[in-house]
$ cat structure13.cif   # mmCIF, C-alpha atoms
data_start
#
loop_
_atom_site.label_atom_id
_atom_site.label_comp_id
_atom_site.auth_asym_id
_atom_site.auth_seq_id
_atom_site.Cartn_x
_atom_site.Cartn_y
_atom_site.Cartn_z
CA MET J 13 160.05 76.55 69.29
CA ILE J 14 158.16 79.82 69.71
CA PRO J 15 160.45 82.22 71.59
CA PHE J 16 159.13 83.28 74.97
CA LYS J 17 158.95 86.99 75.83
CA HIS J 18 158.84 87.58 79.56
CA SER J 19 155.58 89.10 80.76
CA ARG J 20 156.92 91.16 83.62
CA THR J 21 156.88 94.92 83.28
CA GLY J 22 159.50 97.37 84.45
CA ASP J 23 158.11 97.20 88.01
CA CYS J 24 160.48 95.22 90.25
CA GLU J 25 157.81 94.33 92.80
CA HIS J 26 157.34 90.55 93.09
CA ALA J 27 160.17 89.91 90.60
CA CYS J 28 163.76 88.92 91.31
CA CYS J 29 165.83 91.71 89.86
CA LEU J 30 169.41 92.79 89.16
CA ARG J 31 169.76 96.51 89.79
CA VAL J 32 172.64 98.57 88.44
CA GLU J 33 172.33 102.07 89.85
CA ASP J 34 174.38 105.15 88.90
CA LEU J 35 177.36 103.02 87.92
CA CYS J 36 180.45 104.96 86.82
CA VAL J 37 183.86 103.64 85.79
CA GLN J 38 187.02 105.63 85.16
CA ALA J 39 190.48 104.78 83.82
CA GLY J 40 193.35 107.20 84.21
CA GLY J 41 190.96 109.92 85.27
CA SER J 42 188.86 109.60 82.11
CA PRO J 43 185.29 108.27 82.22
CA ILE J 44 184.55 104.96 80.52
CA LEU J 45 181.00 104.52 81.80
CA SER J 46 178.84 107.30 83.23
CA HIS J 47 175.67 107.01 85.33
CA ILE J 48 174.49 103.58 84.15
CA ASP J 49 171.04 102.60 85.44
CA LEU J 50 169.83 99.14 84.46
CA HIS J 51 167.26 96.71 85.86
CA MET J 52 166.99 93.08 84.73
CA HIS J 53 164.33 90.64 85.89
CA CYS J 54 164.75 86.89 86.17
CA GLY J 55 163.40 85.24 83.05
CA GLN J 56 164.47 88.08 80.74
CA ILE J 57 166.96 88.07 77.89
CA VAL J 58 168.60 91.48 77.57
CA ALA J 59 170.98 92.34 74.72
CA LEU J 60 173.74 94.88 75.32
CA ILE J 61 174.77 96.53 72.07
CA GLY J 62 176.95 99.42 70.99
CA PRO J 63 179.89 100.25 68.72
CA ASN J 64 183.41 99.09 69.55
CA GLY J 65 184.77 100.94 72.56
CA ALA J 66 181.30 101.71 73.90
CA GLY J 67 182.04 100.16 77.31
CA LYS J 68 180.17 96.85 76.98
CA SER J 69 183.07 94.77 78.29
CA THR J 70 183.66 97.24 81.10
CA LEU J 71 180.04 96.95 82.22
CA ILE J 72 180.28 93.15 82.17
CA GLN J 73 183.53 93.25 84.16
CA SER J 74 181.88 95.52 86.71
CA ILE J 75 178.94 93.15 87.19
CA LEU J 76 181.37 90.23 87.49
CA GLY J 77 183.32 92.10 90.18
CA GLN J 78 186.44 92.37 88.03
CA ARG J 79 186.44 96.15 87.72
CA GLU J 80 186.30 98.94 90.27
CA TYR J 81 183.30 101.23 89.96
CA SER J 82 181.21 103.73 91.85
CA GLY J 83 177.47 103.25 92.25
CA LYS J 84 175.59 100.10 93.23
CA ILE J 85 175.05 96.62 91.81
CA THR J 86 172.56 94.58 93.82
CA PHE J 87 170.37 91.53 93.35
CA HIS J 88 166.94 91.20 94.97
CA ASP J 89 164.74 88.13 95.25
CA SER J 90 161.03 88.06 94.44
CA HIS J 91 160.26 89.30 97.97
CA GLY J 92 162.43 92.38 97.51
CA ARG J 93 165.18 91.09 99.79
CA GLN J 94 168.77 91.78 98.77
CA THR J 95 170.67 88.52 98.31
CA LYS J 96 173.88 87.20 96.78
CA LEU J 97 174.04 87.15 92.98
CA ARG J 98 175.35 83.93 91.41
CA ILE J 99 176.62 84.50 87.87
CA GLY J 100 177.42 82.03 85.13
CA TYR J 101 179.81 83.55 82.57
CA VAL J 102 180.60 82.49 79.02
CA PRO J 103 183.60 84.42 77.62
CA GLN J 104 184.04 85.42 74.01
CA SER J 105 185.49 82.84 71.59
CA PRO J 106 188.04 80.91 73.68
CA ARG J 107 190.59 79.22 71.44
CA PHE J 108 191.38 75.52 71.46
CA SER J 109 193.70 73.78 69.02
CA PRO J 110 192.32 70.78 67.10
CA GLY J 111 195.39 68.87 68.27
CA ASP J 112 194.76 69.48 71.97
CA PRO J 113 194.06 66.13 73.67
CA ILE J 114 191.54 67.60 76.14
CA SER J 115 188.00 66.28 75.81
CA VAL J 116 184.75 67.86 76.96
CA LEU J 117 184.79 65.46 79.92
CA ASP J 118 188.34 66.55 80.76
CA LEU J 119 187.31 70.21 80.64
CA PHE J 120 184.46 69.63 83.06
CA THR J 121 186.68 67.52 85.32
CA CYS J 122 189.14 70.41 85.64
CA CYS J 123 186.39 72.95 86.31
CA ILE J 124 183.87 71.23 88.58
CA SER J 125 185.95 68.69 90.53
CA ARG J 126 189.27 68.38 92.31
CA ARG J 127 190.13 65.19 90.46
CA PRO J 128 193.10 65.55 88.06
CA ALA J 129 191.99 65.28 84.44
CA PHE J 130 194.73 62.73 83.65
CA LEU J 131 193.06 60.20 85.96
CA ARG J 132 190.19 58.12 84.67
CA PRO J 133 186.99 59.87 85.78
CA THR J 134 184.73 58.08 88.21
CA ARG J 135 181.33 56.84 87.06
CA ALA J 136 179.68 59.40 89.36
CA LEU J 137 181.67 62.25 87.83
CA ARG J 138 180.84 61.15 84.30
CA GLU J 139 177.14 60.98 85.20
CA LYS J 140 177.32 64.48 86.68
CA VAL J 141 178.92 65.84 83.49
CA LEU J 142 176.26 64.12 81.39
CA ALA J 143 173.58 65.77 83.55
CA CYS J 144 175.22 69.17 82.98
CA LEU J 145 175.37 68.60 79.22
CA ALA J 146 171.75 67.45 79.24
CA ASN J 147 170.74 71.03 80.17
CA VAL J 148 171.83 72.04 76.67
CA HIS J 149 171.06 68.72 74.90
CA ALA J 150 174.75 68.06 74.30
CA GLU J 151 175.35 64.69 75.98
CA ALA J 152 176.75 63.29 72.72
CA LEU J 153 179.69 65.70 72.94
CA ILE J 154 181.10 64.37 76.22
CA ASP J 155 184.00 62.43 74.69
CA LYS J 156 184.75 64.80 71.80
CA ARG J 157 187.94 66.83 71.79
CA VAL J 158 187.19 70.44 72.60
CA GLY J 159 189.36 71.68 69.72
CA THR J 160 187.28 69.77 67.15
CA LEU J 161 183.93 71.24 68.17
CA SER J 162 182.09 73.63 65.86
CA GLY J 163 181.46 77.17 67.07
CA GLY J 164 177.90 76.32 68.05
CA GLU J 165 178.91 73.09 69.83
CA LEU J 166 181.61 74.88 71.81
CA GLN J 167 179.14 77.57 72.90
CA ARG J 168 176.76 74.87 74.14
CA VAL J 169 179.51 73.15 76.13
CA LEU J 170 180.59 76.45 77.71
CA LEU J 171 176.96 77.26 78.43
CA ALA J 172 176.52 73.89 80.19
CA LEU J 173 179.64 74.65 82.23
CA ALA J 174 178.30 78.10 83.17
CA LEU J 175 175.12 76.47 84.51
CA GLU J 176 177.07 74.43 87.09
CA PRO J 177 176.25 75.35 89.79
CA MET J 178 172.94 76.91 88.71
CA PRO J 179 173.27 80.72 88.66
CA ASN J 180 170.72 83.52 89.02
CA MET J 181 172.12 85.19 85.93
CA LEU J 182 173.99 84.24 82.77
CA ILE J 183 176.37 86.67 81.09
CA LEU J 184 177.47 85.81 77.56
CA ASP J 185 180.08 87.87 75.72
CA GLU J 186 179.41 87.74 71.97
CA PRO J 187 177.94 84.20 71.99
CA LEU J 188 176.98 84.45 68.29
CA SER J 189 180.53 85.25 67.16
CA GLY J 190 181.94 82.50 64.94
CA VAL J 191 178.59 80.67 64.78
CA ASP J 192 176.82 80.09 61.45
CA VAL J 193 173.21 81.12 60.87
CA GLU J 194 171.78 77.69 61.69
CA GLY J 195 173.94 77.53 64.80
CA MET J 196 172.75 80.98 65.89
CA THR J 197 169.12 79.86 65.80
CA LEU J 198 169.92 76.67 67.72
CA LEU J 199 171.87 78.59 70.34
CA MET J 200 169.20 81.26 70.81
CA ASP J 201 166.50 78.56 71.03
CA MET J 202 168.65 76.96 73.74
CA LEU J 203 168.96 80.22 75.68
CA ASP J 204 165.21 80.74 75.38
CA GLU J 205 164.60 77.24 76.76
CA ILE J 206 167.04 77.78 79.63
CA ARG J 207 165.45 81.02 80.80
CA ARG J 208 162.02 79.39 80.63
CA LYS J 209 163.13 76.32 82.57
CA PHE J 210 165.30 77.94 85.25
CA ASP J 211 163.82 81.47 85.37
CA LEU J 212 167.21 83.15 85.26
CA SER J 213 168.16 86.40 83.58
CA ILE J 214 170.48 86.43 80.56
CA LEU J 215 172.64 89.40 79.58
CA MET J 216 174.43 89.04 76.25
CA THR J 217 176.55 91.33 74.14
CA THR J 218 176.27 91.02 70.38
CA HIS J 219 177.07 92.73 67.11
CA ASP J 220 174.50 90.61 65.28
CA PHE J 221 171.10 92.27 65.47
CA SER J 222 169.12 89.79 63.37
CA MET J 223 168.02 87.71 66.39
CA LEU J 224 167.10 90.53 68.76
CA GLU J 225 163.46 91.07 67.87
CA ARG J 226 162.65 87.37 67.97
CA TYR J 227 164.34 86.46 71.24
CA CYS J 228 165.12 89.48 73.42
CA ASP J 229 162.85 91.21 75.89
CA ARG J 230 164.93 94.36 76.00
CA VAL J 231 167.90 95.94 74.25
CA VAL J 232 170.31 98.38 75.88
CA LEU J 233 172.24 100.68 73.54
CA LEU J 234 175.48 101.78 75.16
CA ARG J 235 178.17 104.30 74.24
CA GLY J 236 179.80 105.42 77.45
CA HIS J 237 176.32 105.89 78.85
CA ILE J 238 172.96 104.41 77.97
CA LEU J 239 171.75 106.07 74.78
CA ARG J 240 168.47 104.18 74.71
CA GLN J 241 166.86 101.06 76.16
CA GLY J 242 163.56 99.40 75.42
CA THR J 243 162.09 96.74 73.17
CA PRO J 244 164.24 95.55 70.26
CA LEU J 245 162.12 97.44 67.70
CA ASP J 246 162.13 100.61 69.78
CA VAL J 247 165.94 100.63 70.01
CA LEU J 248 166.78 99.36 66.52
CA ASN J 249 164.50 101.91 64.86
CA SER J 250 165.64 104.84 66.99
CA ASP J 251 167.66 107.86 65.97
CA GLU J 252 170.15 107.00 68.71
CA PHE J 253 170.83 103.62 67.12
CA ALA J 254 171.27 105.18 63.67
CA GLU J 255 173.69 107.77 65.06
CA ALA J 256 175.67 105.25 67.12
CA PHE J 257 176.27 103.04 64.08
CA HIS J 258 176.60 105.91 61.59
CA MET J 259 173.48 104.98 59.66
CA THR J 260 171.25 107.32 57.68
CA GLY J 261 167.56 107.24 57.04
CA GLY J 262 166.56 105.25 60.14
CA GLY J 263 168.01 102.53 62.22
CA GLU J 264 166.61 99.27 60.90
CA ALA J 265 168.99 96.36 61.27
#
$ encode --input "structure13.cif" --output "structure tokens"
Amino acid sequence: MIPFKHSRTGDCEHACCLRVEDLCVQAGGSPILSHIDLHMHCGQIVALIGPNGAGKSTLIQSILGQREYSGKITFHDSHGRQTKLRIGYVPQSPRFSPGDPISVLDLFTCCISRRPAFLRPTRALREKVLACLANVHAEALIDKRVGTLSGGELQRVLLALALEPMPNMLILDEPLSGVDVEGMTLLMDMLDEIRRKFDLSILMTTHDFSMLERYCDRVVLLRGHILRQGTPLDVLNSDEFAEAFHMTGGGEA
């Protein structure tokens, strides 16, 4: 698959758009995030990077509505009208024990229906779960125990769950963590396919920079405030990137 780079420019006219404007977050009177301005269009993959403690999780929590902030977070449709933002969220590396009896079908049953997981699922519910898994080509995993899945398989299951119901935006916290190189490529190909098919925006945090140039439209470098944002090459080769990650002689990653 040849990764798709979204053709829209920075102009929000005629493009559905998430707008983060002058966002500030404090804790105990000390600033965590200061004057964050960020626009994301539907169909874009944007990587949020920065050293540990840079405020990436705080920004995600703010967008999810889990953190108090000042400033504005709004979502506008392609006609410029402000509308409700629907977010699908995949957290970082949830832990399941290999001995846990819960299957992928059980997990979906608990999350998308009111039917207790210990009851035999109806045929209609099983078909719905299969349709969800089909969005990430993971139908074969439906009866597997969650604790026995590989890192890449688990990410695909969680991604399928985040797409039900279909959101405007996906937020993934370190989706490449614990995934081998082959699994990273498969997962990023899947994200690329999803944003093509459903025209939704994807915001992901990562400490692995090897996939950014191939798959991401934009990269945002954060350390309390936005140090730099632009194309992957622009950010990764910048002095700000080199300084943020204590590199010398340029910022290639």
$ axis_aligned_box --input "structure13.cif" --around "region 237-252 of chain J" --padding-each-side "3 Å" --output "AutoDock Vina command-line options"
--center_x 169.2 --center_y 101.7 --center_z 71.9 --size_x 20.2 --size_y 18.3 --size_z 20.0
$ closest_residue --input "structure13.cif" --among "J:Gly195, J:Gly67, J:Gly77, J:Gly100" --to "Leu175 (chain J)" --atoms "all atoms listed in the file"
J:Gly100
$ resolve_selection --input "structure13.cif" --expression "the PyMOL selection byres ((chain J and resi 122-136) around 12)" --output "NGL selection string"
:J and (113-121 or 137-144 or 155 or 170 or 172-177)
$ residues_around --input "structure13.cif" --residues "Leu212 (chain J)" --least-positions-apart "2" --cutoff "7 Å" --atoms "only C-alpha atoms" --output "list in words"
Cys54, Gly55, Asn180, Met181, Arg207, Phe210 and Ile214 of chain J
$ closest_atom_pairs --input "structure13.cif" --of "region 55-114 of chain J" --to "region 231-249 of chain J" --cutoff "9 Å" --atoms "only C-alpha atoms" --output "tab-separated table"
residue	atom	partner	partner_atom	distance
J:Ile57	CA	J:Val231	CA	8.7
J:Val58	CA	J:Val231	CA	5.6
J:Ala59	CA	J:Val231	CA	4.8
J:Leu60	CA	J:Val232	CA	4.9
J:Ile61	CA	J:Leu233	CA	5.1
J:Gly62	CA	J:Leu234	CA	5.0
J:Pro63	CA	J:Arg235	CA	7.1
J:Asn64	CA	J:Arg235	CA	8.8
J:Gly65	CA	J:Arg235	CA	7.6
J:Ala66	CA	J:Arg235	CA	4.1
J:Gly67	CA	J:Gly236	CA	5.7
J:Lys68	CA	J:Leu234	CA	7.0
$ build_atoms --input "structure13.cif" --residues "region 53-71 of chain J" --atoms "N, CA, C and O atoms" --output "PDB file, in the frame of the given file"
ATOM      1  N   HIS J  53     165.114  91.603  85.131  1.00  0.00           N
ATOM      2  CA  HIS J  53     164.330  90.640  85.890  1.00  0.00           C
ATOM      3  C   HIS J  53     164.732  89.213  85.524  1.00  0.00           C
ATOM      4  O   HIS J  53     165.165  88.948  84.397  1.00  0.00           O
ATOM      5  N   CYS J  54     164.568  88.303  86.478  1.00  0.00           N
ATOM      6  CA  CYS J  54     164.750  86.890  86.170  1.00  0.00           C
ATOM      7  C   CYS J  54     163.768  86.488  85.081  1.00  0.00           C
ATOM      8  O   CYS J  54     162.613  86.912  85.076  1.00  0.00           O
ATOM      9  N   GLY J  55     164.234  85.678  84.152  1.00  0.00           N
ATOM     10  CA  GLY J  55     163.400  85.240  83.050  1.00  0.00           C
ATOM     11  C   GLY J  55     163.533  86.103  81.809  1.00  0.00           C
ATOM     12  O   GLY J  55     162.956  85.788  80.774  1.00  0.00           O
ATOM     13  N   GLN J  56     164.306  87.188  81.897  1.00  0.00           N
ATOM     14  CA  GLN J  56     164.470  88.080  80.740  1.00  0.00           C
ATOM     15  C   GLN J  56     165.770  87.798  80.011  1.00  0.00           C
ATOM     16  O   GLN J  56     166.780  87.419  80.612  1.00  0.00           O
ATOM     17  N   ILE J  57     165.743  88.004  78.697  1.00  0.00           N
ATOM     18  CA  ILE J  57     166.960  88.070  77.890  1.00  0.00           C
ATOM     19  C   ILE J  57     167.145  89.529  77.498  1.00  0.00           C
ATOM     20  O   ILE J  57     166.255  90.135  76.883  1.00  0.00           O
ATOM     21  N   VAL J  58     168.286  90.088  77.872  1.00  0.00           N
ATOM     22  CA  VAL J  58     168.600  91.480  77.570  1.00  0.00           C
ATOM     23  C   VAL J  58     169.872  91.517  76.735  1.00  0.00           C
ATOM     24  O   VAL J  58     170.885  90.902  77.099  1.00  0.00           O
ATOM     25  N   ALA J  59     169.825  92.204  75.598  1.00  0.00           N
ATOM     26  CA  ALA J  59     170.980  92.340  74.720  1.00  0.00           C
ATOM     27  C   ALA J  59     171.642  93.684  74.972  1.00  0.00           C
ATOM     28  O   ALA J  59     170.975  94.723  74.995  1.00  0.00           O
ATOM     29  N   LEU J  60     172.943  93.667  75.147  1.00  0.00           N
ATOM     30  CA  LEU J  60     173.740  94.880  75.320  1.00  0.00           C
ATOM     31  C   LEU J  60     174.485  95.128  74.021  1.00  0.00           C
ATOM     32  O   LEU J  60     175.302  94.308  73.600  1.00  0.00           O
ATOM     33  N   ILE J  61     174.173  96.239  73.368  1.00  0.00           N
ATOM     34  CA  ILE J  61     174.770  96.530  72.070  1.00  0.00           C
ATOM     35  C   ILE J  61     175.432  97.905  72.101  1.00  0.00           C
ATOM     36  O   ILE J  61     175.166  98.730  72.978  1.00  0.00           O
ATOM     37  N   GLY J  62     176.275  98.142  71.117  1.00  0.00           N
ATOM     38  CA  GLY J  62     176.950  99.420  70.990  1.00  0.00           C
ATOM     39  C   GLY J  62     178.177  99.254  70.113  1.00  0.00           C
ATOM     40  O   GLY J  62     178.665  98.129  69.920  1.00  0.00           O
ATOM     41  N   PRO J  63     178.692 100.350  69.570  1.00  0.00           N
ATOM     42  CA  PRO J  63     179.890 100.250  68.720  1.00  0.00           C
ATOM     43  C   PRO J  63     181.098  99.826  69.543  1.00  0.00           C
ATOM     44  O   PRO J  63     181.066  99.820  70.778  1.00  0.00           O
ATOM     45  N   ASN J  64     182.178  99.453  68.857  1.00  0.00           N
ATOM     46  CA  ASN J  64     183.410  99.090  69.550  1.00  0.00           C
ATOM     47  C   ASN J  64     183.866 100.243  70.430  1.00  0.00           C
ATOM     48  O   ASN J  64     183.820 101.408  70.025  1.00  0.00           O
ATOM     49  N   GLY J  65     184.317  99.915  71.638  1.00  0.00           N
ATOM     50  CA  GLY J  65     184.770 100.940  72.560  1.00  0.00           C
ATOM     51  C   GLY J  65     183.664 101.622  73.324  1.00  0.00           C
ATOM     52  O   GLY J  65     183.900 102.619  74.019  1.00  0.00           O
ATOM     53  N   ALA J  66     182.438 101.068  73.247  1.00  0.00           N
ATOM     54  CA  ALA J  66     181.300 101.710  73.900  1.00  0.00           C
ATOM     55  C   ALA J  66     181.257 101.441  75.399  1.00  0.00           C
ATOM     56  O   ALA J  66     180.504 102.108  76.114  1.00  0.00           O
ATOM     57  N   GLY J  67     182.024 100.466  75.883  1.00  0.00           N
ATOM     58  CA  GLY J  67     182.040 100.160  77.310  1.00  0.00           C
ATOM     59  C   GLY J  67     181.290  98.890  77.675  1.00  0.00           C
ATOM     60  O   GLY J  67     181.064  98.627  78.858  1.00  0.00           O
ATOM     61  N   LYS J  68     180.935  98.082  76.691  1.00  0.00           N
ATOM     62  CA  LYS J  68     180.170  96.850  76.980  1.00  0.00           C
ATOM     63  C   LYS J  68     180.979  95.901  77.865  1.00  0.00           C
ATOM     64  O   LYS J  68     180.468  95.382  78.855  1.00  0.00           O
ATOM     65  N   SER J  69     182.231  95.673  77.498  1.00  0.00           N
ATOM     66  CA  SER J  69     183.070  94.770  78.290  1.00  0.00           C
ATOM     67  C   SER J  69     183.312  95.320  79.684  1.00  0.00           C
ATOM     68  O   SER J  69     183.358  94.560  80.665  1.00  0.00           O
ATOM     69  N   THR J  70     183.454  96.625  79.789  1.00  0.00           N
ATOM     70  CA  THR J  70     183.660  97.240  81.100  1.00  0.00           C
ATOM     71  C   THR J  70     182.451  97.048  81.999  1.00  0.00           C
ATOM     72  O   THR J  70     182.588  96.758  83.194  1.00  0.00           O
ATOM     73  N   LEU J  71     181.255  97.175  81.435  1.00  0.00           N
ATOM     74  CA  LEU J  71     180.040  96.950  82.220  1.00  0.00           C
ATOM     75  C   LEU J  71     179.961  95.501  82.681  1.00  0.00           C
ATOM     76  O   LEU J  71     179.631  95.224  83.848  1.00  0.00           O
TER      77      LEU J  71
END
